[in-house]
Amino acid sequence: MLIIYTAPKSPVRTSWSVVAPGMGNHGRGTKSRDQFGALCKSHGQLCCTLLPGSMPTGTRASGLIYREWWLLMGLVQLCSGTLTARNGSSQVISLNGKWEIQNSNSSVKLQGDVPGCVHSALYSWGIIKDPYIRFNDIAYKWIAHDEWIYSKTFTVPTEIRLLQRVSLVCEGIDTVSSISLNSILIGNTNNMFSRYTFDISKLIVEKNYIEIKFRSAVGWAKEKSTNHSYDIPPECPPEVQNGECHVNFIRKAQCSFSWDWGPSFPTQGIWKDIKIEAYNVFHLDYISYVPVFDKNTSQWMVVIESVFDVITTNPLQGRVEMKISELKVDQSRELTINPGQRAIKVIVKIDKNTPVALWWPKGYGSQTGYEMTIRFQFEKGNIVEKTIKVYFRSVELVEEPIASSPGLSFYLQINGIPIFLKGSNWIPADSFQDKISSNKLQILLKSVVDANMNTLRVWGGGIYESDEFYQLCDELGIMVWQDFMFACALYPTDTWFLDTVREEVTHQMRRLKSHPSIIVWSANNENEAAIASDWFSIPSKMREMYLKDYLSLYIKTIRIIILEMDNTRPFIPSSPTNGKETIREGWLAKNPYDMHYGDIHYYSYLDDCWNWKTYPRPRLASEYGFQSWPSFSTIYKVSVPEDWSYTSNFAYHRQHHSSGNEEMMSQAELHYRMPTNSDPLIQFQDTLYLTQVMQAQCIKLQTEFYRRSMTEIVDGLGHTMGALYWQLNDIWQAPSWSSIEYGGKWKMLHYYAKNFFAPVSTSGFEDRDILYIYGVSDLLEDQNFKLAIRVYKWDSLQPVCERITEELKFNARSSGPLYKESIPELLSQCSNATRQTHVVVFHLLHQGQPYGVQNWHFLSSLKEAKELLKPNITVSITQDKMVYVFTMVTSSIAPFVWLDVWDIPGRFSNNGFLLVEEKTSVCFYPWDSTTVEELEKALHVTTLRDIY
């Protein structure tokens with residue numbers, strides 16, 4: 001086959017002349033890259049070869065075909081529509097696409113997509129229904145218990161086969177498999193989180209057959225546990241989760257065997273890219289960097305690590321050139337790679353007189369980065385070039401004595417500025433990773449910054465997230481607290497286990513450490529606390545063995561690798577942890593929940609969440625929360641009418657936290673009247689709504705308490721520098737601690753988060769009949785505001801009294817009291833108001849205008865509120881370009897006004913609010929195209945008074 005390149009006028013469309021068996025004149029004429037690739041495929045040509053001429057003027061950065069043209073060294077491959085470029089002597093053939101899939105006894109045979117998994121393939125062919133519908137997580141357990149085979153035939157051209165090294169590269173295999181090429185076993189996999197490379201140079205032929213046989217992860221984990229010399233708890237998840245056992249014996253997403261917010265779907269499949277890479281002399285496997293600021297010289301440096309596969313038996317001589325044009329960096333140096341050496345480090349120094357723009361978290365500055373080009377040129381014209389985005393920022397975990405408090409501080413400092421971590425915890429966005437589209441990921445992460453968050457904790461029971469996830473966090477200014485994937489369990493430390501963990505951690509560090517968004521490496525989730533609190537009732541004779549295993553895995557293995565590869569970020573052994581105090585106690589603190597050190601996780605579903613005195617006052621709160629149900633518009637898609645009751649089999653099956661449904665109602669009953677509608681469907685909808693009201697108000701009050709404690713020490717406790725509630729997102733449609741439902745819809749909590757995480761906010765609380773109103777500011781400069789306080793009677797839209805303070809100074813990055821007054825005195829001055837008939841509303845004023853959003857303080861539980869009327873809200877909708885304005889008119893005050901447009905994806909500017917004005921407008925921002933008519937038809941309005 002011969003393809004002759006003719007210089008194009010357009011960088012996207014190219015003129016081709018083709019001579020190939022069976023193609024005739026079909027390949028002649030102007031075609032795009034994708035059209036040409038499809039044409040090759042349709043005529044039975046797996047790979048088509050392009051011999052380029054000179055690069056057309058002005059096309060260097062224009063199209064994928066021409067990018068880095070001068071490095072392509074004369075050969076480009078179009079394989080089944082996928083562009084493959086030659087860098088030096090390196091070529092790539094993607095094996096993504098359709099694969100044959102069959103189960104162990106060949107009773108099921110089908111084609112499936114790669115990347116993908118067996119469940120998704122079965123669903124796409126209609127063999128199974130949506131796994132998330134009703135009880136299908138139980139019905140489809142057979143899929144995970146069976147064993148599946150993936151196979152594919154592919155062709156490799158002669159010019160690729162003749163290169164010195166031909167490798168099969170598997171970016172992600174899920175999980176236990178044996179891989180054969182042309183009926184010869186080439187290797188095995190047992191870790192979902194590792195990258196596998198197999199040398200197939202001696203096996204590759206023109207027409208090839210690859211087969212990947214998967215073991216059942218459930219069966220394999222059970223076998224490993226059975227053959228272990230001693231038990232490693234926990235053996236199984238709680239029965240309510242309908243899960244699988246022994247997940248701690250397999251390096252796979254721990255939540256895939258079930259969790260208290262998610263189903264059991266232990267997937268099998270090729271979940272990331274798979275490809276053939278071929279090259280002469282050498283190949284660049286990884287390139288990563290960390291920025292370092294030398295305080296002695298006041299100079300920035302970039303420490304670059306490059307990992308090569310070198311085929312030669314003699315030292316490889318060459319040069320490396322590094323350019324950052326915007327910073328006037330143009331440096332080069334001699335380079336020698338010795339046989340057996342894989343990783344090399346080079347340092348780029350930035351002239352200290354050159355101004356460097358820093359990467360900042362959201363709300364503190366811009367997320368500036370610089371293009372850095374690294375070019376390796378070795379003997380005999382072997383060249384590879386890589387352009388990466390480089391960001392400069394420093395991270396420091398500050399643990400030092402605090403005045404008037406025993407213990408140590410625990411906060412993150414970015415570029416020398418203390419940062420209050422505002423955010424949540426991230427779990428996998430789906431049980432099936434191939435269902436997470438770029439759009440879905442962008443909606444979730446944009447929702448983070450839209451809610452004034454600056455931090456996500458990537459929780460240790462899921463996965464190391466996708467490259468796109470971290471790139472978006474870099475661009476959006478979202479700081480990432482990165483757990484390694486160990487959670488709520490003890491783990492074996494056999495040689496095979498530690499070996500695969502070393503490979504996993506090394507790979508993930510090389511993949512992730514270049515991201516400025518990652519600010520903490522944490523070895524595990526809650527495993528220090530599990531030992532300290534004896535979660536698993538460990539026999540005393542075994543305790544020393546488990547302590548030894550803990551230190552061997554997290555301290556002697558993971559920590560060593562992290563410190564060798566990146567000493568620019570803090571490492572903590574667990575979350576929660578006592579930081580330096582944990583280290584002093586030999587890496588296992590007696591009480592990892594000590595509020596004088598480190599971070600804590602705190603949950604209490606029985607204490608009254610309105611009582612701020614029940615909350616701990618830690619240095620940093622990295623987990624806390626309350627459950628709620630998703631809205632009916634999310635639930636109805638995976639259920640049927642008989643399920644639409646809070647006490648249905650479906651409602652209990654979907655609840656994976658023991659007594660979770662009862663706990664929600666118990667908390668709600670403290671302060672709200674229960675729904676009393678005679679229509680069972682409306683009763684169910686109202687109950688779901690009430691769980692969201694309860695969750696939003698509870699986490700609002702708790703988070704406001706943590707923000708008030710930022711610069712305050714009370715009884716030796718405080719200086720709280722982070723609030724990360726559990727959890728941000730959902731993995732399926734079910735009750736959970738999330739603030740965003742499966743599908744991206746904001747719960748009431750997420751709207752509240754937008755307000756309680758605002759850069760400047762206020763909050764109120766009572767202590768011994770005294771009303772206190774605090775202010776908190778994340779601003780980098782001091783600012784002055786006035787505070788307006790109004791008292792309303794529940795049955796009137798006119799305030800009965802009002803206070804406006806003098807100018808109040810909000811100190812930068814601090815919290816403190818703004819106002820206090822005796823509640824009885826306040827009420828007596830407001831027409832002899834009572835707690836049950838009135839509510840306090842307050843907001844800031846800046847230069848005479850309302851600033852931010854209003855807040856409120858309820859003077860009694862709302863179930864005791866008197867004269868609370870049904871508001872009879874009417875809504876009109878108008879369109880202003882791509883934004884829709886919802887204008888509400890009410891006849892009375894309405895707490896917890898909830899606007900729901902059902903299946904129309906998007907978010908409101910505000911929702912779940914206390915409505916105290918006769919006419920109020922909010923904006924709706926759709927994520928897909930819609931119309932006023934569609935919104936009017938879909939709109940449902942609910943208030944607290946409407947449900948009883």
# chains A, B, ... in the order shown; residues from 1 in each chain; ligands from 1
$ select_by_dssp --residues "region 367-565 of chain A" --states "strand (DSSP E or B)" --output "PDB file with N, CA and C atoms, in the first residue's frame"
ATOM      1  N   GLN A 367      -4.814  30.689  37.855  1.00  0.00           N
ATOM      2  CA  GLN A 367      -4.207  29.356  37.725  1.00  0.00           C
ATOM      3  C   GLN A 367      -3.239  29.369  36.537  1.00  0.00           C
ATOM      4  N   TYR A 370       2.677  27.562  32.313  1.00  0.00           N
ATOM      5  CA  TYR A 370       3.576  27.882  31.203  1.00  0.00           C
ATOM      6  C   TYR A 370       3.836  26.633  30.366  1.00  0.00           C
ATOM      7  N   GLU A 371       3.912  26.827  29.051  1.00  0.00           N
ATOM      8  CA  GLU A 371       4.268  25.726  28.160  1.00  0.00           C
ATOM      9  C   GLU A 371       5.779  25.485  28.238  1.00  0.00           C
ATOM     10  N   MET A 372       6.137  24.265  28.577  1.00  0.00           N
ATOM     11  CA  MET A 372       7.549  23.885  28.604  1.00  0.00           C
ATOM     12  C   MET A 372       7.790  22.773  27.583  1.00  0.00           C
ATOM     13  N   THR A 373       8.729  22.983  26.698  1.00  0.00           N
ATOM     14  CA  THR A 373       9.085  21.992  25.686  1.00  0.00           C
ATOM     15  C   THR A 373      10.400  21.329  26.080  1.00  0.00           C
ATOM     16  N   ILE A 374      10.382  20.012  26.107  1.00  0.00           N
ATOM     17  CA  ILE A 374      11.568  19.226  26.456  1.00  0.00           C
ATOM     18  C   ILE A 374      11.902  18.354  25.261  1.00  0.00           C
ATOM     19  N   ARG A 375      13.119  18.483  24.782  1.00  0.00           N
ATOM     20  CA  ARG A 375      13.540  17.763  23.583  1.00  0.00           C
ATOM     21  C   ARG A 375      14.774  16.925  23.918  1.00  0.00           C
ATOM     22  N   PHE A 376      14.638  15.609  23.735  1.00  0.00           N
ATOM     23  CA  PHE A 376      15.755  14.697  23.933  1.00  0.00           C
ATOM     24  C   PHE A 376      16.293  14.304  22.559  1.00  0.00           C
ATOM     25  N   GLN A 377      17.591  14.488  22.379  1.00  0.00           N
ATOM     26  CA  GLN A 377      18.207  14.126  21.108  1.00  0.00           C
ATOM     27  C   GLN A 377      19.424  13.244  21.397  1.00  0.00           C
ATOM     28  N   PHE A 378      19.320  12.004  20.941  1.00  0.00           N
ATOM     29  CA  PHE A 378      20.402  11.055  21.166  1.00  0.00           C
ATOM     30  C   PHE A 378      21.102  10.756  19.846  1.00  0.00           C
ATOM     31  N   ASN A 382      18.138  10.033  16.895  1.00  0.00           N
ATOM     32  CA  ASN A 382      16.965   9.635  17.664  1.00  0.00           C
ATOM     33  C   ASN A 382      16.503  10.795  18.536  1.00  0.00           C
ATOM     34  N   ILE A 383      15.289  11.248  18.278  1.00  0.00           N
ATOM     35  CA  ILE A 383      14.774  12.457  18.917  1.00  0.00           C
ATOM     36  C   ILE A 383      13.374  12.189  19.462  1.00  0.00           C
ATOM     37  N   VAL A 384      13.076  12.752  20.613  1.00  0.00           N
ATOM     38  CA  VAL A 384      11.714  12.789  21.108  1.00  0.00           C
ATOM     39  C   VAL A 384      11.503  14.141  21.786  1.00  0.00           C
ATOM     40  N   GLU A 385      10.338  14.694  21.578  1.00  0.00           N
ATOM     41  CA  GLU A 385      10.011  15.996  22.151  1.00  0.00           C
ATOM     42  C   GLU A 385       8.658  15.928  22.826  1.00  0.00           C
ATOM     43  N   LYS A 386       8.544  16.591  23.942  1.00  0.00           N
ATOM     44  CA  LYS A 386       7.303  16.612  24.703  1.00  0.00           C
ATOM     45  C   LYS A 386       7.052  18.033  25.182  1.00  0.00           C
ATOM     46  N   THR A 387       5.820  18.498  25.030  1.00  0.00           N
ATOM     47  CA  THR A 387       5.422  19.796  25.566  1.00  0.00           C
ATOM     48  C   THR A 387       4.428  19.576  26.690  1.00  0.00           C
ATOM     49  N   ILE A 388       4.746  20.124  27.857  1.00  0.00           N
ATOM     50  CA  ILE A 388       3.884  19.948  29.014  1.00  0.00           C
ATOM     51  C   ILE A 388       3.578  21.306  29.641  1.00  0.00           C
ATOM     52  N   LYS A 389       2.504  21.366  30.383  1.00  0.00           N
ATOM     53  CA  LYS A 389       2.128  22.581  31.091  1.00  0.00           C
ATOM     54  C   LYS A 389       2.808  22.560  32.455  1.00  0.00           C
ATOM     55  N   VAL A 390       3.518  23.616  32.768  1.00  0.00           N
ATOM     56  CA  VAL A 390       4.233  23.717  34.042  1.00  0.00           C
ATOM     57  C   VAL A 390       3.599  24.809  34.883  1.00  0.00           C
ATOM     58  N   VAL A 395       3.665  24.243  48.530  1.00  0.00           N
ATOM     59  CA  VAL A 395       2.715  23.698  49.498  1.00  0.00           C
ATOM     60  C   VAL A 395       3.459  23.389  50.792  1.00  0.00           C
ATOM     61  N   GLU A 396       2.861  23.761  51.885  1.00  0.00           N
ATOM     62  CA  GLU A 396       3.457  23.454  53.188  1.00  0.00           C
ATOM     63  C   GLU A 396       2.349  23.107  54.168  1.00  0.00           C
ATOM     64  N   LEU A 397       2.519  22.005  54.880  1.00  0.00           N
ATOM     65  CA  LEU A 397       1.632  21.644  55.973  1.00  0.00           C
ATOM     66  C   LEU A 397       2.227  22.223  57.248  1.00  0.00           C
ATOM     67  N   VAL A 398       1.512  23.156  57.836  1.00  0.00           N
ATOM     68  CA  VAL A 398       2.029  23.872  59.006  1.00  0.00           C
ATOM     69  C   VAL A 398       1.513  23.210  60.274  1.00  0.00           C
ATOM     70  N   ILE A 402       0.272  26.640  69.058  1.00  0.00           N
ATOM     71  CA  ILE A 402      -0.730  27.699  68.984  1.00  0.00           C
ATOM     72  C   ILE A 402      -0.878  28.320  70.368  1.00  0.00           C
ATOM     73  N   SER A 405      -3.433  27.134  73.453  1.00  0.00           N
ATOM     74  CA  SER A 405      -3.952  25.820  73.087  1.00  0.00           C
ATOM     75  C   SER A 405      -2.848  24.777  73.134  1.00  0.00           C
ATOM     76  N   TYR A 411      -2.668  23.034  59.115  1.00  0.00           N
ATOM     77  CA  TYR A 411      -3.289  23.716  57.976  1.00  0.00           C
ATOM     78  C   TYR A 411      -2.323  23.767  56.808  1.00  0.00           C
ATOM     79  N   LEU A 412      -2.891  23.961  55.622  1.00  0.00           N
ATOM     80  CA  LEU A 412      -2.122  24.025  54.389  1.00  0.00           C
ATOM     81  C   LEU A 412      -1.841  25.469  54.033  1.00  0.00           C
ATOM     82  N   GLN A 413      -0.615  25.677  53.598  1.00  0.00           N
ATOM     83  CA  GLN A 413      -0.183  26.997  53.177  1.00  0.00           C
ATOM     84  C   GLN A 413       0.237  26.898  51.713  1.00  0.00           C
ATOM     85  N   ILE A 414      -0.400  27.664  50.850  1.00  0.00           N
ATOM     86  CA  ILE A 414      -0.087  27.660  49.429  1.00  0.00           C
ATOM     87  C   ILE A 414       0.612  28.978  49.095  1.00  0.00           C
ATOM     88  N   ILE A 417       0.622  31.461  51.826  1.00  0.00           N
ATOM     89  CA  ILE A 417      -0.637  31.993  52.338  1.00  0.00           C
ATOM     90  C   ILE A 417      -1.434  30.856  52.991  1.00  0.00           C
ATOM     91  N   PRO A 418      -1.818  30.996  54.263  1.00  0.00           N
ATOM     92  CA  PRO A 418      -2.688  29.980  54.879  1.00  0.00           C
ATOM     93  C   PRO A 418      -4.036  29.925  54.156  1.00  0.00           C
ATOM     94  N   ILE A 419      -4.487  28.718  53.855  1.00  0.00           N
ATOM     95  CA  ILE A 419      -5.730  28.529  53.105  1.00  0.00           C
ATOM     96  C   ILE A 419      -6.701  27.709  53.944  1.00  0.00           C
ATOM     97  N   LEU A 421      -9.465  25.217  53.828  1.00  0.00           N
ATOM     98  CA  LEU A 421      -9.946  24.265  52.829  1.00  0.00           C
ATOM     99  C   LEU A 421     -11.465  24.195  52.884  1.00  0.00           C
ATOM    100  N   LYS A 422     -12.111  24.578  51.802  1.00  0.00           N
ATOM    101  CA  LYS A 422     -13.570  24.567  51.699  1.00  0.00           C
ATOM    102  C   LYS A 422     -13.957  23.569  50.618  1.00  0.00           C
ATOM    103  N   GLY A 423     -14.680  22.530  51.005  1.00  0.00           N
ATOM    104  CA  GLY A 423     -15.048  21.595  49.946  1.00  0.00           C
ATOM    105  C   GLY A 423     -15.690  20.331  50.444  1.00  0.00           C
ATOM    106  N   SER A 424     -15.388  19.258  49.743  1.00  0.00           N
ATOM    107  CA  SER A 424     -16.082  18.003  49.986  1.00  0.00           C
ATOM    108  C   SER A 424     -15.179  16.840  49.629  1.00  0.00           C
ATOM    109  N   ASN A 425     -15.748  15.639  49.701  1.00  0.00           N
ATOM    110  CA  ASN A 425     -15.045  14.399  49.390  1.00  0.00           C
ATOM    111  C   ASN A 425     -15.604  13.797  48.104  1.00  0.00           C
ATOM    112  N   TRP A 426     -14.696  13.344  47.254  1.00  0.00           N
ATOM    113  CA  TRP A 426     -15.050  12.816  45.930  1.00  0.00           C
ATOM    114  C   TRP A 426     -15.004  11.292  45.950  1.00  0.00           C
ATOM    115  N   THR A 455     -11.514  22.820  47.385  1.00  0.00           N
ATOM    116  CA  THR A 455     -10.818  21.560  47.674  1.00  0.00           C
ATOM    117  C   THR A 455     -11.727  20.365  47.479  1.00  0.00           C
ATOM    118  N   LEU A 456     -11.166  19.286  46.927  1.00  0.00           N
ATOM    119  CA  LEU A 456     -11.796  17.971  46.929  1.00  0.00           C
ATOM    120  C   LEU A 456     -10.806  16.964  47.522  1.00  0.00           C
ATOM    121  N   ARG A 457     -11.324  16.098  48.336  1.00  0.00           N
ATOM    122  CA  ARG A 457     -10.512  14.976  48.819  1.00  0.00           C
ATOM    123  C   ARG A 457     -10.886  13.747  47.997  1.00  0.00           C
ATOM    124  N   VAL A 458      -9.942  13.238  47.204  1.00  0.00           N
ATOM    125  CA  VAL A 458     -10.183  12.023  46.417  1.00  0.00           C
ATOM    126  C   VAL A 458     -10.016  10.847  47.368  1.00  0.00           C
ATOM    127  N   MET A 479      -8.023  22.433  44.717  1.00  0.00           N
ATOM    128  CA  MET A 479      -6.975  21.679  45.388  1.00  0.00           C
ATOM    129  C   MET A 479      -7.457  20.246  45.630  1.00  0.00           C
ATOM    130  N   VAL A 480      -6.549  19.288  45.511  1.00  0.00           N
ATOM    131  CA  VAL A 480      -6.893  17.872  45.653  1.00  0.00           C
ATOM    132  C   VAL A 480      -6.089  17.271  46.802  1.00  0.00           C
ATOM    133  N   TRP A 481      -6.806  16.782  47.767  1.00  0.00           N
ATOM    134  CA  TRP A 481      -6.227  15.956  48.834  1.00  0.00           C
ATOM    135  C   TRP A 481      -6.303  14.528  48.322  1.00  0.00           C
ATOM    136  N   GLN A 482      -5.172  13.938  47.983  1.00  0.00           N
ATOM    137  CA  GLN A 482      -5.150  12.660  47.276  1.00  0.00           C
ATOM    138  C   GLN A 482      -4.856  11.517  48.235  1.00  0.00           C
ATOM    139  N   ASP A 483      -5.869  10.681  48.449  1.00  0.00           N
ATOM    140  CA  ASP A 483      -5.660   9.423  49.167  1.00  0.00           C
ATOM    141  C   ASP A 483      -5.067   8.388  48.219  1.00  0.00           C
ATOM    142  N   ALA A 487      -8.807   1.698  52.159  1.00  0.00           N
ATOM    143  CA  ALA A 487      -9.866   2.329  52.955  1.00  0.00           C
ATOM    144  C   ALA A 487     -10.553   1.339  53.873  1.00  0.00           C
ATOM    145  N   ILE A 518      -2.838  18.856  43.202  1.00  0.00           N
ATOM    146  CA  ILE A 518      -2.644  17.896  44.294  1.00  0.00           C
ATOM    147  C   ILE A 518      -1.763  18.530  45.361  1.00  0.00           C
ATOM    148  N   ILE A 519      -2.294  18.607  46.586  1.00  0.00           N
ATOM    149  CA  ILE A 519      -1.582  19.317  47.649  1.00  0.00           C
ATOM    150  C   ILE A 519      -1.210  18.417  48.825  1.00  0.00           C
ATOM    151  N   VAL A 520      -1.786  17.211  48.897  1.00  0.00           N
ATOM    152  CA  VAL A 520      -1.507  16.280  49.995  1.00  0.00           C
ATOM    153  C   VAL A 520      -1.498  14.870  49.442  1.00  0.00           C
ATOM    154  N   TRP A 521      -0.520  14.077  49.875  1.00  0.00           N
ATOM    155  CA  TRP A 521      -0.544  12.629  49.664  1.00  0.00           C
ATOM    156  C   TRP A 521      -0.955  11.991  50.991  1.00  0.00           C
ATOM    157  N   SER A 522      -2.024  11.236  50.998  1.00  0.00           N
ATOM    158  CA  SER A 522      -2.480  10.546  52.205  1.00  0.00           C
ATOM    159  C   SER A 522      -2.499   9.056  51.931  1.00  0.00           C
ATOM    160  N   ASN A 525      -7.428   5.830  54.013  1.00  0.00           N
ATOM    161  CA  ASN A 525      -8.615   6.397  54.644  1.00  0.00           C
ATOM    162  C   ASN A 525      -9.003   5.583  55.866  1.00  0.00           C
TER     163      ASN A 525
END
$ closest_atom_pairs --of "region 426-520 of chain A" --to "region 746-758 of chain A" --cutoff "12 Å" --atoms "only C-alpha atoms" --output "CSV"
residue,atom,partner,partner_atom,distance
A:Ile443,CA,A:Trp746,CA,10.6
A:Leu444,CA,A:Trp746,CA,9.6
A:Lys446,CA,A:Trp746,CA,11.9
A:Ser447,CA,A:Trp746,CA,8.4
A:Val448,CA,A:Lys754,CA,8.9
A:Val449,CA,A:Lys754,CA,8.8
A:Asp450,CA,A:Lys754,CA,6.9
A:Ala451,CA,A:Lys754,CA,3.8
A:Asn452,CA,A:Lys754,CA,5.5
A:Met453,CA,A:Phe757,CA,6.5
A:Asn454,CA,A:Phe757,CA,9.2
A:Thr455,CA,A:Phe757,CA,11.2
$ closest_residue --among "A:Val501, A:Ala865, A:Val156, A:Val218" --to "Trp142 (chain A)" --atoms "only C-alpha atoms"
A:Val218
$ atom_distance --atom1 "CA of Glu206 (chain A)" --atom2 "CA of Phe154 (chain A)"
8.2 Å
$ closest_residue --among "A:Lys109, A:His507, A:Arg319, A:His246" --to "Tyr286 (chain A)" --atoms "only C-alpha atoms"
A:His507
$ residues_around --residues "Ser777 (chain A)" --least-positions-apart "2" --cutoff "8 Å" --atoms "only C-alpha atoms" --output "PDB file with C-alpha atoms, in the first residue's frame"
ATOM      1  CA  PRO A 759     -15.746  34.215  50.357  1.00  0.00           C
ATOM      2  CA  VAL A 760     -17.500  36.513  52.829  1.00  0.00           C
ATOM      3  CA  SER A 761     -20.352  35.091  54.887  1.00  0.00           C
ATOM      4  CA  GLY A 775     -18.539  37.074  60.055  1.00  0.00           C
ATOM      5  CA  LEU A 779     -10.488  37.864  51.202  1.00  0.00           C
ATOM      6  CA  PHE A 810     -13.688  42.141  58.358  1.00  0.00           C
ATOM      7  CA  ASN A 811     -10.031  41.246  58.761  1.00  0.00           C
ATOM      8  CA  ALA A 812      -8.535  39.353  55.836  1.00  0.00           C
ATOM      9  CA  ARG A 813      -8.622  35.552  56.177  1.00  0.00           C
ATOM     10  CA  SER A 814     -10.224  35.570  59.603  1.00  0.00           C
ATOM     11  CA  SER A 815     -13.457  35.083  61.509  1.00  0.00           C
TER      12      SER A 815
END
$ residues_around --residues "Trp612 (chain A)" --least-positions-apart "6" --cutoff "9 Å" --atoms "only C-alpha atoms" --output "ChimeraX atom specification"
/A:701-702,705,765-766
$ residues_around --residues "region 309-316 of chain A" --least-positions-apart "2" --cutoff "8 Å" --atoms "only C-alpha atoms" --output "PyMOL selection string"
chain A and resi 164-165+280-285+307+318+336-342+378-379
$ atom_distance --atom1 "CA of Glu564 (chain A)" --atom2 "CA of Val290 (chain A)"
12.3 Å
$ residues_around --residues "Val346 (chain A)" --least-positions-apart "5" --cutoff "9 Å" --atoms "only C-alpha atoms" --output "mmCIF file with N, CA and C atoms, in the first residue's frame"
data_model
loop_
_atom_site.group_PDB
_atom_site.id
_atom_site.type_symbol
_atom_site.label_atom_id
_atom_site.label_comp_id
_atom_site.auth_asym_id
_atom_site.auth_seq_id
_atom_site.Cartn_x
_atom_site.Cartn_y
_atom_site.Cartn_z
ATOM 1 N N VAL A 302 12.565 23.709 38.268
ATOM 2 C CA VAL A 302 11.675 22.631 37.853
ATOM 3 C C VAL A 302 12.502 21.352 37.802
ATOM 4 N N VAL A 303 12.151 20.395 38.663
ATOM 5 C CA VAL A 303 12.848 19.105 38.689
ATOM 6 C C VAL A 303 12.055 18.141 37.813
ATOM 7 N N ILE A 304 12.670 17.737 36.700
ATOM 8 C CA ILE A 304 11.997 16.916 35.696
ATOM 9 C C ILE A 304 12.507 15.485 35.807
ATOM 10 N N GLU A 305 11.577 14.549 35.908
ATOM 11 C CA GLU A 305 11.941 13.128 35.898
ATOM 12 C C GLU A 305 11.459 12.512 34.591
ATOM 13 N N SER A 306 12.372 11.881 33.885
ATOM 14 C CA SER A 306 12.039 11.181 32.639
ATOM 15 C C SER A 306 12.381 9.704 32.818
ATOM 16 N N VAL A 320 19.659 17.065 26.257
ATOM 17 C CA VAL A 320 18.283 17.442 26.553
ATOM 18 C C VAL A 320 18.192 18.959 26.490
ATOM 19 N N ARG A 333 21.763 20.491 28.134
ATOM 20 C CA ARG A 333 22.905 19.860 28.798
ATOM 21 C C ARG A 333 23.120 18.463 28.226
#
$ decode --residues "region 90-101 of chain A" --atoms "N, CA and C atoms" --output "short mmCIF file (atom, residue, chain, number, x, y, z; two decimals), in the first residue's frame"
data_model
loop_
_atom_site.label_atom_id
_atom_site.label_comp_id
_atom_site.auth_asym_id
_atom_site.auth_seq_id
_atom_site.Cartn_x
_atom_site.Cartn_y
_atom_site.Cartn_z
N SER A 90 9.50 5.87 17.41
CA SER A 90 8.39 5.30 18.16
C SER A 90 7.11 5.38 17.35
N GLN A 91 6.38 4.27 17.35
CA GLN A 91 5.08 4.22 16.69
C GLN A 91 4.07 3.56 17.60
N VAL A 92 2.80 3.93 17.40
CA VAL A 92 1.73 3.43 18.25
C VAL A 92 0.59 2.92 17.38
N ILE A 93 0.08 1.77 17.71
CA ILE A 93 -1.15 1.25 17.12
C ILE A 93 -2.15 1.05 18.25
N SER A 94 -3.24 1.78 18.18
CA SER A 94 -4.26 1.64 19.22
C SER A 94 -5.04 0.35 19.01
N LEU A 95 -5.27 -0.37 20.09
CA LEU A 95 -6.12 -1.55 20.06
C LEU A 95 -7.49 -1.26 20.67
N ASN A 96 -7.75 0.02 20.94
CA ASN A 96 -9.09 0.39 21.39
C ASN A 96 -10.11 0.08 20.31
N GLY A 97 -11.37 0.06 20.72
CA GLY A 97 -12.44 -0.19 19.75
C GLY A 97 -13.19 -1.46 20.09
N LYS A 98 -13.65 -2.16 19.08
CA LYS A 98 -14.47 -3.35 19.29
C LYS A 98 -13.59 -4.57 19.58
N TRP A 99 -13.98 -5.31 20.61
CA TRP A 99 -13.36 -6.59 20.95
C TRP A 99 -14.46 -7.65 21.04
N GLU A 100 -14.07 -8.89 20.79
CA GLU A 100 -14.99 -10.01 21.02
C GLU A 100 -14.95 -10.34 22.51
N ILE A 101 -16.14 -10.59 23.09
CA ILE A 101 -16.24 -10.92 24.51
C ILE A 101 -17.10 -12.17 24.65
#
